[in-house]
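Below is one structure, written out as structure tokens; the observations come after it.
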Amino acid sequence: MKNNISFFLIISVALLNAQSVVNSAMFGTMETRQLGPGTTSGRITSIDGSLKDEGKTLYIGTAGGGVWKSTNAGASYKSVFDKHCQSIGALAIDQKKPSTVYVGTGESNMRNTVSIGIGMYKTTDGGDNWKRIGLDSTEHIARIIIHPENNKVIFVAVPGALWSDSPHRGIYKSSDGGETWEKIFYIDKKTGCAELIMDPTNPKIMFASMWQFRRQPFSFNSGGTTSGLYKTVDGGKTWKEITNGLPEKPFGRIAMNLAPSDPKQMVAIVESKKTGLYISSDGGESWKNQSATMNTCARPFYFSTIAIDPKDPKRVYRPAFQFAYSSDGGYSFTEASSDGGWVHSDMHAIWINPFHTNIIYLGTDGGMYSSVDKGVTWQFNHGLPVGQFYHAAFDLKEPYNVYGGLQDNGSWMVPSASPGGIENGNWDRINGGDGFWAVPDVDGKVVYSEYQGGNMVRTELSSLKSENIQPQKTVNEEKLRWNWNTPIVIGAKNPKNLYVGAQYLYKSTDQGRNWKRISPDLTTNDKAKQKQEESGGLSEDNTSAENHCTIFTLAESPLDENVIWVGTDDGNLQYSTNGGETWTNVSQNVAKCGIAKQAWVSSIEPSRFDKNTVYATFENHMYGDHKTYLGKSTDMGKTWTRIQHKSFSSFARKIKEDLVNKNLLFLGTEMGLFATLDGGKEWFKMKNNIPEYLMTHDIQIHPKTHDLIIASHGRGLFILDDIRPIRELNKEIWDQDVYIFPTPDITLNNGKYGWGGPQTSGGWGAGNPASHPTFDYYFKQRLNSGKVTLEIYDDKGALIQSMPGTIRRGINKINWNLRSTPPQVATGSTKLDGAGFTAPMVLPGVYTLKLKVKDKVYTSTVKCVHDAENKNLSFEDRKLVYAKAMELQSLYNQVNNSIDTINYYQELLKSDSVAYSKRKHAIAFNDDLQKVKAELMGVTKTSIFADEKRVREKVSELYGNFCWMEAALNQTQLDAIVDLKKEYEVQYEALKKTLATHMPKNPEIKIKKGIE
């Protein structure tokens, strides 16, 4: 078996200066926000629960979102697999030692978009750390079984490669906890093991479903003569094929299970020329066919799960299109949806709590569900953001919206920011089906979206009313061939141009109401690859997933709307320089640089800096080739350079050129997001709060906010806010020991987004972007000693605020709250005083930044400007609010100074508690001080809510209001300042009188300066 370990090393990339290393660590303070959604999820592939705590601890495997863990029976989840391959085929908890979990990567639901794995992993500390333990080349793993008596013995069912022949199939066994492996059952390069089950009462007895299958870009074949059902009674040393009562071969996939409480009772769904339900009552030795509903036998290659209640051998569950259950051992089934318990269709994983078998967890294409009534009704788990996006787009609103399509979960839009952050309720569905492209129109009122088969609609966002806009075949065209993932694209130069592609390219300038075909057939038009009606093998499965010889990607040049590029799924890359009148095919030129000839063109990126420059990614994994293919041409496709790097680890999905810096490129691959700062010579993997092996299907850059928008096929949407520090970083900067990036002008306000209340329990939420630009600086090396301080000075040289800085290598960020240092608070209050945490917002002006690093000072400036968009606050109003806030701050300081004076004398009086108790003058002095103090501040201690508001609380409250005010003052507020000053003066005079009365009677008390 080949070893891919070197393929996936986390590397540091030496750029032009050997001493300057650029990698993800340089941008560690720049972390993405994962937007979700949690309101709809993605495909769940495996579930297992811990028996030690009766199912409270759950591990969930996903198709593209890694492994998630719950310690509260599914109320909430935590990702525990971010550093590893995100495609999960199987997982199993070692029930003798539940902190040990095995994970097999590579989903085994063999649809067209299934991703690959890179072997087995193991944790011994509950998911905190993982070790890769082999089977690197298996690509897909269907099942893991841990021997119930000897937990060192592990069995793994490996269906193997989907797109090619492979010797890495069959059943593998480890006798040392995964340290070493041996293949114990193998048929041939085309046939793998799709299912493996063990008799819990006799672990030597196991059953294996062997499956011959193959997918090609244009077809899928499930079934063959080498498929079959096998049994071992000696722990896997020998296997015999079971045929008694089963249909004639060829077989496809077999889903099967046995009753844990009575292992002689078995059920199976056998894919054959007539797929059927089979039941055995003699431990699998013989079978009999039973009548079954369409749902029970549906799509056996994809719906490969059947289960039996651990305590009741008659209770059988069949997750498929719908969730069905039987109470008579499989002879008849009832569908849960008919009882009011709707669940997302397409089901793949189930776990029944063996202690409480009424509790069931179900994994579907739409996420996780749980039932407490044996599957009759279901509740959706809203905390798993593992949606599988294909593409992302954005609009130019404030805040902007992000749009995208989800595998089997429609098309959605979500704001990039919202009061309280992005929560499940912020997501709006705009189309159904399998969502792919979702693109807003330039008018901001309309969005275009499509689902499988090229079914596209125009939707009015105000009403969500939709109209079908798919171009139709005329007498001048062949039958239109629409890719499963049909592109619908707005022009980069002229956003009024709308393009869609079948085998022909269509263009509309009136929002899809009318279309003009602007190309001939741009594909190879290979008729041998257009027999989709024959696809599926034993079970016909023509969902448009195998439609071929189609346009897969297209792009209009951002410099010239007449330059249009089109890439197809059968290897053609063509362009037009005259708006589609004529076309040039450059696919032969591409092949000359080492890119596979028939590879899909997965993305095209015409440069915005040079009309003759274009980038393109190609993927050839549909032919078993997982190389990263990225090409660049600078002469309009005449010649190509293949861009390669040792850090690339899988096939390429998307290339994106920065909008400002032509040397900054982002590359999305099936196993990670990469970036280069030098035009593609050196690359590094981005790990900015994203999984290292993120399935990155699309990348966008917002022109106004400079945000990097990432669409992943398994972890939803990510936003990396404001990539300008990455954009600006170059060799001149990274060779400096310290560098302060220019700070954009800061608009003075309290932030754009309010607070929408707490997230609902179990939901998914993402934070908002920073309300204002941060102060960003760069360290060539981590600061190992000393400290970093950022000081902010006004135009008069007065220190406004001093803040500690971070010391990381690379880019560091400091947030300023736009205020000076809060006032000091006197001690002794039973209430938390908010004034001690805030100060008035600074006035517009230029402020000096001094970054102090050990004994050196680095200086920059930042300009703060008035928020002209706030019609409730003029510039003159702002100055008055500031002046009055500072007046209140001065009053607040006076109040606290008086309280501190009282505290000073009280502490002196009580410094000798014995003497104090005997001195009536001291007691009287203290009592009168306390009376004044009780008027200046709350002093009762029965409850933090018990004190009546006193002078300080009143001043603090009004001061806090002024500090956060973004509107003109009213007369009531101004009068309140006058009133509070008078109220304080009364108590100030009372304090002076108290001191004048008692100080002569207590001559031993030292006078505190500052009181008249």
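Ordering of the structure tokens sets the chain letters (A, B, ...); residue numbers start at 1 within each chain; ligands are numbered from 1 in the order shown.
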Residues near A:Met456, cut-off 7 Å, only C-alpha atoms, skip fewer than 5 positions along chain, as a ChimeraX atom specification: /A:449-451,468-470
Quick check for you: according to DSSP on this backbone, which residues of stretch 606-747 of chain A are classed as strand (DSSP E)? Reply as an MDAnalysis selection string. chainID A and resid 606 614:619 629:633 641:642 652:657 665:669 672:676 684:685 696:701 708:712 717:720 738:740 746:747
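Proximity to A:Asn872 was assessed for A:Thr705, A:Pro742, A:Asn970, A:Glu732 counting only C-alpha atoms; the smallest distance is recorded for A:Asn970.
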With distances taken over only C-alpha atoms, which of A:Trp964, A:Phe389, A:Phe436, A:Tyr331 is nearest to A:Val881? A:Trp964
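In this structure, atom CA of A:His772 sits 21.1 Å away from atom CA of A:Phe394.
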Find the spatial neighbours of stretch 138-145 of chain A, counting only C-alpha atoms, within a cut-off of 6 Å - ignore same-chain residues fewer than 6 positions away - and output them as number ranges by chain. A: 89-90, 92, 104, 106-108, 116-118, 154-158, 160-161, 168, 194
Spatial neighbours of A:Glu423, max dist 9 Å, only C-alpha atoms, sep filter under 6 positions, as a PyMOL selection string: chain A and resi 35-39+759-760+763-767
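Minimum atom-to-atom distance to A:Ile701, evaluated using only C-alpha atoms, belongs to A:Phe718 out of A:Trp68, A:Tyr506, A:Tyr753, A:Phe718.
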Can you tell me, as a short mmCIF file (atom, residue, chain, number, x, y, z; two decimals) with all heavy atoms, in the first residue's frame, which residues in stretch 376-538 of chain A count as helix (DSSP H, G or I) by DSSP?
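So the final result, stored in part-v3.cif, reads:
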```cif
data_model
loop_
_atom_site.label_atom_id
_atom_site.label_comp_id
_atom_site.auth_asym_id
_atom_site.auth_seq_id
_atom_site.Cartn_x
_atom_site.Cartn_y
_atom_site.Cartn_z
N ASN A 424 -29.12 30.77 13.59
CA ASN A 424 -29.91 29.97 12.66
C ASN A 424 -31.07 30.75 12.06
O ASN A 424 -31.43 30.57 10.89
CB ASN A 424 -30.43 28.73 13.37
CG ASN A 424 -29.35 27.69 13.60
OD1 ASN A 424 -28.29 27.75 12.98
ND2 ASN A 424 -29.60 26.75 14.50
N GLY A 425 -31.66 31.63 12.85
CA GLY A 425 -32.80 32.39 12.37
C GLY A 425 -32.47 33.41 11.32
O GLY A 425 -33.38 33.96 10.67
N ASN A 426 -31.19 33.69 11.10
CA ASN A 426 -30.79 34.66 10.08
C ASN A 426 -30.77 34.07 8.67
O ASN A 426 -30.66 34.81 7.69
CB ASN A 426 -29.41 35.23 10.40
CG ASN A 426 -29.40 36.07 11.66
OD1 ASN A 426 -28.83 35.68 12.67
ND2 ASN A 426 -30.04 37.21 11.61
N GLN A 452 -30.40 20.59 -9.47
CA GLN A 452 -29.92 19.58 -10.41
C GLN A 452 -30.72 19.55 -11.71
O GLN A 452 -31.92 19.75 -11.73
CB GLN A 452 -29.93 18.19 -9.76
CG GLN A 452 -31.28 17.67 -9.34
CD GLN A 452 -31.60 17.97 -7.91
OE1 GLN A 452 -31.39 19.07 -7.44
NE2 GLN A 452 -32.10 16.97 -7.18
N GLY A 453 -29.97 19.28 -12.78
CA GLY A 453 -30.61 19.20 -14.08
C GLY A 453 -30.79 20.54 -14.76
O GLY A 453 -31.55 20.65 -15.72
N GLY A 454 -30.12 21.57 -14.26
CA GLY A 454 -30.23 22.89 -14.88
C GLY A 454 -31.52 23.61 -14.62
O GLY A 454 -31.86 24.58 -15.31
N LYS A 527 -20.76 10.89 -27.93
CA LYS A 527 -22.05 10.22 -27.75
C LYS A 527 -21.93 9.00 -26.83
O LYS A 527 -22.92 8.63 -26.17
CB LYS A 527 -22.61 9.80 -29.11
CG LYS A 527 -22.89 10.97 -30.06
CD LYS A 527 -23.86 11.97 -29.44
CE LYS A 527 -24.15 13.11 -30.40
NZ LYS A 527 -25.05 14.13 -29.80
N ALA A 528 -20.78 8.41 -26.76
CA ALA A 528 -20.60 7.24 -25.89
C ALA A 528 -20.71 7.63 -24.42
O ALA A 528 -20.91 6.76 -23.57
CB ALA A 528 -19.24 6.59 -26.16
N LYS A 529 -20.58 8.92 -24.12
CA LYS A 529 -20.66 9.39 -22.75
C LYS A 529 -21.99 10.09 -22.47
O LYS A 529 -22.10 10.86 -21.52
CB LYS A 529 -19.49 10.34 -22.46
CG LYS A 529 -18.12 9.68 -22.60
CD LYS A 529 -16.99 10.68 -22.37
CE LYS A 529 -15.63 10.01 -22.51
NZ LYS A 529 -14.51 10.97 -22.34
N GLN A 532 -26.99 8.42 -20.15
CA GLN A 532 -27.35 8.51 -18.74
C GLN A 532 -28.58 7.67 -18.38
O GLN A 532 -28.73 7.25 -17.23
CB GLN A 532 -27.60 9.97 -18.36
CG GLN A 532 -26.30 10.76 -18.13
CD GLN A 532 -25.51 10.97 -19.41
OE1 GLN A 532 -26.08 11.38 -20.42
NE2 GLN A 532 -24.23 10.70 -19.39
N GLU A 533 -29.44 7.42 -19.35
CA GLU A 533 -30.63 6.62 -19.06
C GLU A 533 -30.26 5.19 -18.71
O GLU A 533 -31.08 4.45 -18.14
CB GLU A 533 -31.59 6.65 -20.25
CG GLU A 533 -31.12 5.91 -21.49
CD GLU A 533 -30.14 6.72 -22.33
OE1 GLU A 533 -29.88 7.90 -21.96
OE2 GLU A 533 -29.66 6.21 -23.35
N GLU A 534 -29.02 4.78 -19.00
CA GLU A 534 -28.57 3.43 -18.69
C GLU A 534 -27.80 3.39 -17.37
O GLU A 534 -27.33 2.33 -16.96
CB GLU A 534 -27.69 2.90 -19.82
CG GLU A 534 -28.40 2.86 -21.17
CD GLU A 534 -27.45 2.46 -22.29
OE1 GLU A 534 -26.30 2.07 -21.99
OE2 GLU A 534 -27.86 2.55 -23.47
#
```
So that I can check the surroundings of A:His621, please list as a ChimeraX atom specification every protein, DNA and RNA residue that reaches within 12 Å of it, counting only C-alpha atoms and ignoring chain neighbours fewer than 6 positions away. /A:112-116,139,161-164,215-217,569,596,598-602,627-629,650-653,669-670
Write the residues of the preceding selection, restricted to N, CA and C atoms, as a PDB file, in the first residue's frame.
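This is the output file selection-v4.pdb:
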```
ATOM      1  N   ASN A 112     -22.062  10.821  -6.668  1.00  0.00           N
ATOM      2  CA  ASN A 112     -21.085  11.462  -7.549  1.00  0.00           C
ATOM      3  C   ASN A 112     -20.187  12.452  -6.833  1.00  0.00           C
ATOM      4  N   THR A 113     -20.662  13.057  -5.749  1.00  0.00           N
ATOM      5  CA  THR A 113     -19.872  14.083  -5.071  1.00  0.00           C
ATOM      6  C   THR A 113     -19.208  13.585  -3.800  1.00  0.00           C
ATOM      7  N   VAL A 114     -19.185  12.275  -3.597  1.00  0.00           N
ATOM      8  CA  VAL A 114     -18.561  11.745  -2.398  1.00  0.00           C
ATOM      9  C   VAL A 114     -17.072  12.068  -2.408  1.00  0.00           C
ATOM     10  N   SER A 115     -16.530  12.392  -1.246  1.00  0.00           N
ATOM     11  CA  SER A 115     -15.111  12.713  -1.154  1.00  0.00           C
ATOM     12  C   SER A 115     -14.316  11.484  -0.725  1.00  0.00           C
ATOM     13  N   ILE A 116     -13.014  11.623  -0.709  1.00  0.00           N
ATOM     14  CA  ILE A 116     -12.126  10.508  -0.421  1.00  0.00           C
ATOM     15  C   ILE A 116     -11.539  10.630   0.979  1.00  0.00           C
ATOM     16  N   GLU A 139      -9.169   4.884   0.555  1.00  0.00           N
ATOM     17  CA  GLU A 139     -10.038   5.924  -0.012  1.00  0.00           C
ATOM     18  C   GLU A 139     -11.438   5.955   0.597  1.00  0.00           C
ATOM     19  N   ALA A 161     -11.701   2.236  -3.622  1.00  0.00           N
ATOM     20  CA  ALA A 161     -11.798   3.352  -4.560  1.00  0.00           C
ATOM     21  C   ALA A 161     -13.103   3.318  -5.341  1.00  0.00           C
ATOM     22  N   LEU A 162     -13.660   4.498  -5.577  1.00  0.00           N
ATOM     23  CA  LEU A 162     -14.910   4.625  -6.313  1.00  0.00           C
ATOM     24  C   LEU A 162     -14.680   4.770  -7.807  1.00  0.00           C
ATOM     25  N   TRP A 163     -13.614   5.466  -8.195  1.00  0.00           N
ATOM     26  CA  TRP A 163     -13.423   5.862  -9.584  1.00  0.00           C
ATOM     27  C   TRP A 163     -12.387   5.020 -10.322  1.00  0.00           C
ATOM     28  N   SER A 164     -11.829   4.026  -9.679  1.00  0.00           N
ATOM     29  CA  SER A 164     -10.758   3.259 -10.332  1.00  0.00           C
ATOM     30  C   SER A 164     -10.624   1.894  -9.694  1.00  0.00           C
ATOM     31  N   ARG A 215     -17.868   3.963 -10.537  1.00  0.00           N
ATOM     32  CA  ARG A 215     -18.430   5.210 -11.040  1.00  0.00           C
ATOM     33  C   ARG A 215     -17.472   5.795 -12.062  1.00  0.00           C
ATOM     34  N   GLN A 216     -18.038   6.326 -13.142  1.00  0.00           N
ATOM     35  CA  GLN A 216     -17.315   7.099 -14.129  1.00  0.00           C
ATOM     36  C   GLN A 216     -17.958   8.479 -14.206  1.00  0.00           C
ATOM     37  N   PRO A 217     -17.297   9.453 -14.811  1.00  0.00           N
ATOM     38  CA  PRO A 217     -17.901  10.790 -14.857  1.00  0.00           C
ATOM     39  C   PRO A 217     -19.272  10.793 -15.499  1.00  0.00           C
ATOM     40  N   ASP A 569     -16.916  19.581 -18.599  1.00  0.00           N
ATOM     41  CA  ASP A 569     -16.607  18.421 -17.768  1.00  0.00           C
ATOM     42  C   ASP A 569     -15.889  17.321 -18.549  1.00  0.00           C
ATOM     43  N   ALA A 596      -3.854  16.613 -17.076  1.00  0.00           N
ATOM     44  CA  ALA A 596      -4.556  15.505 -17.724  1.00  0.00           C
ATOM     45  C   ALA A 596      -5.534  16.021 -18.781  1.00  0.00           C
ATOM     46  N   GLN A 598      -8.286  14.885 -20.255  1.00  0.00           N
ATOM     47  CA  GLN A 598      -9.739  14.785 -20.113  1.00  0.00           C
ATOM     48  C   GLN A 598     -10.265  15.383 -18.814  1.00  0.00           C
ATOM     49  N   ALA A 599      -9.371  16.024 -18.037  1.00  0.00           N
ATOM     50  CA  ALA A 599      -9.761  16.539 -16.720  1.00  0.00           C
ATOM     51  C   ALA A 599     -10.855  17.598 -16.838  1.00  0.00           C
ATOM     52  N   TRP A 600     -11.792  17.546 -15.883  1.00  0.00           N
ATOM     53  CA  TRP A 600     -12.823  18.585 -15.802  1.00  0.00           C
ATOM     54  C   TRP A 600     -12.149  19.938 -15.582  1.00  0.00           C
ATOM     55  N   VAL A 601     -12.673  20.956 -16.227  1.00  0.00           N
ATOM     56  CA  VAL A 601     -12.256  22.325 -15.913  1.00  0.00           C
ATOM     57  C   VAL A 601     -13.134  22.769 -14.746  1.00  0.00           C
ATOM     58  N   SER A 602     -12.559  22.830 -13.561  1.00  0.00           N
ATOM     59  CA  SER A 602     -13.369  23.065 -12.364  1.00  0.00           C
ATOM     60  C   SER A 602     -13.574  24.539 -12.043  1.00  0.00           C
ATOM     61  N   LYS A 627      -4.240  14.217  -8.382  1.00  0.00           N
ATOM     62  CA  LYS A 627      -3.246  15.291  -8.438  1.00  0.00           C
ATOM     63  C   LYS A 627      -3.921  16.656  -8.468  1.00  0.00           C
ATOM     64  N   THR A 628      -3.164  17.646  -8.012  1.00  0.00           N
ATOM     65  CA  THR A 628      -3.637  19.026  -8.016  1.00  0.00           C
ATOM     66  C   THR A 628      -3.237  19.664  -9.333  1.00  0.00           C
ATOM     67  N   TYR A 629      -4.230  20.015 -10.135  1.00  0.00           N
ATOM     68  CA  TYR A 629      -3.962  20.616 -11.435  1.00  0.00           C
ATOM     69  C   TYR A 629      -4.387  22.079 -11.431  1.00  0.00           C
ATOM     70  N   SER A 650      -4.482  17.445  -2.831  1.00  0.00           N
ATOM     71  CA  SER A 650      -5.621  16.791  -3.455  1.00  0.00           C
ATOM     72  C   SER A 650      -6.078  17.618  -4.639  1.00  0.00           C
ATOM     73  N   PHE A 651      -7.155  17.194  -5.277  1.00  0.00           N
ATOM     74  CA  PHE A 651      -7.585  17.833  -6.508  1.00  0.00           C
ATOM     75  C   PHE A 651      -8.135  19.224  -6.256  1.00  0.00           C
ATOM     76  N   ALA A 652      -7.986  20.076  -7.287  1.00  0.00           N
ATOM     77  CA  ALA A 652      -8.285  21.498  -7.150  1.00  0.00           C
ATOM     78  C   ALA A 652      -9.714  21.804  -7.557  1.00  0.00           C
ATOM     79  N   ARG A 653     -10.370  22.640  -6.769  1.00  0.00           N
ATOM     80  CA  ARG A 653     -11.750  23.043  -7.025  1.00  0.00           C
ATOM     81  C   ARG A 653     -11.873  24.484  -7.502  1.00  0.00           C
ATOM     82  N   THR A 669      -8.942  23.367  -2.558  1.00  0.00           N
ATOM     83  CA  THR A 669      -8.797  21.972  -2.960  1.00  0.00           C
ATOM     84  C   THR A 669      -9.718  21.103  -2.113  1.00  0.00           C
ATOM     85  N   GLU A 670      -9.767  19.831  -2.462  1.00  0.00           N
ATOM     86  CA  GLU A 670     -10.605  18.900  -1.721  1.00  0.00           C
ATOM     87  C   GLU A 670     -10.069  18.653  -0.322  1.00  0.00           C
TER      88      GLU A 670
END
```
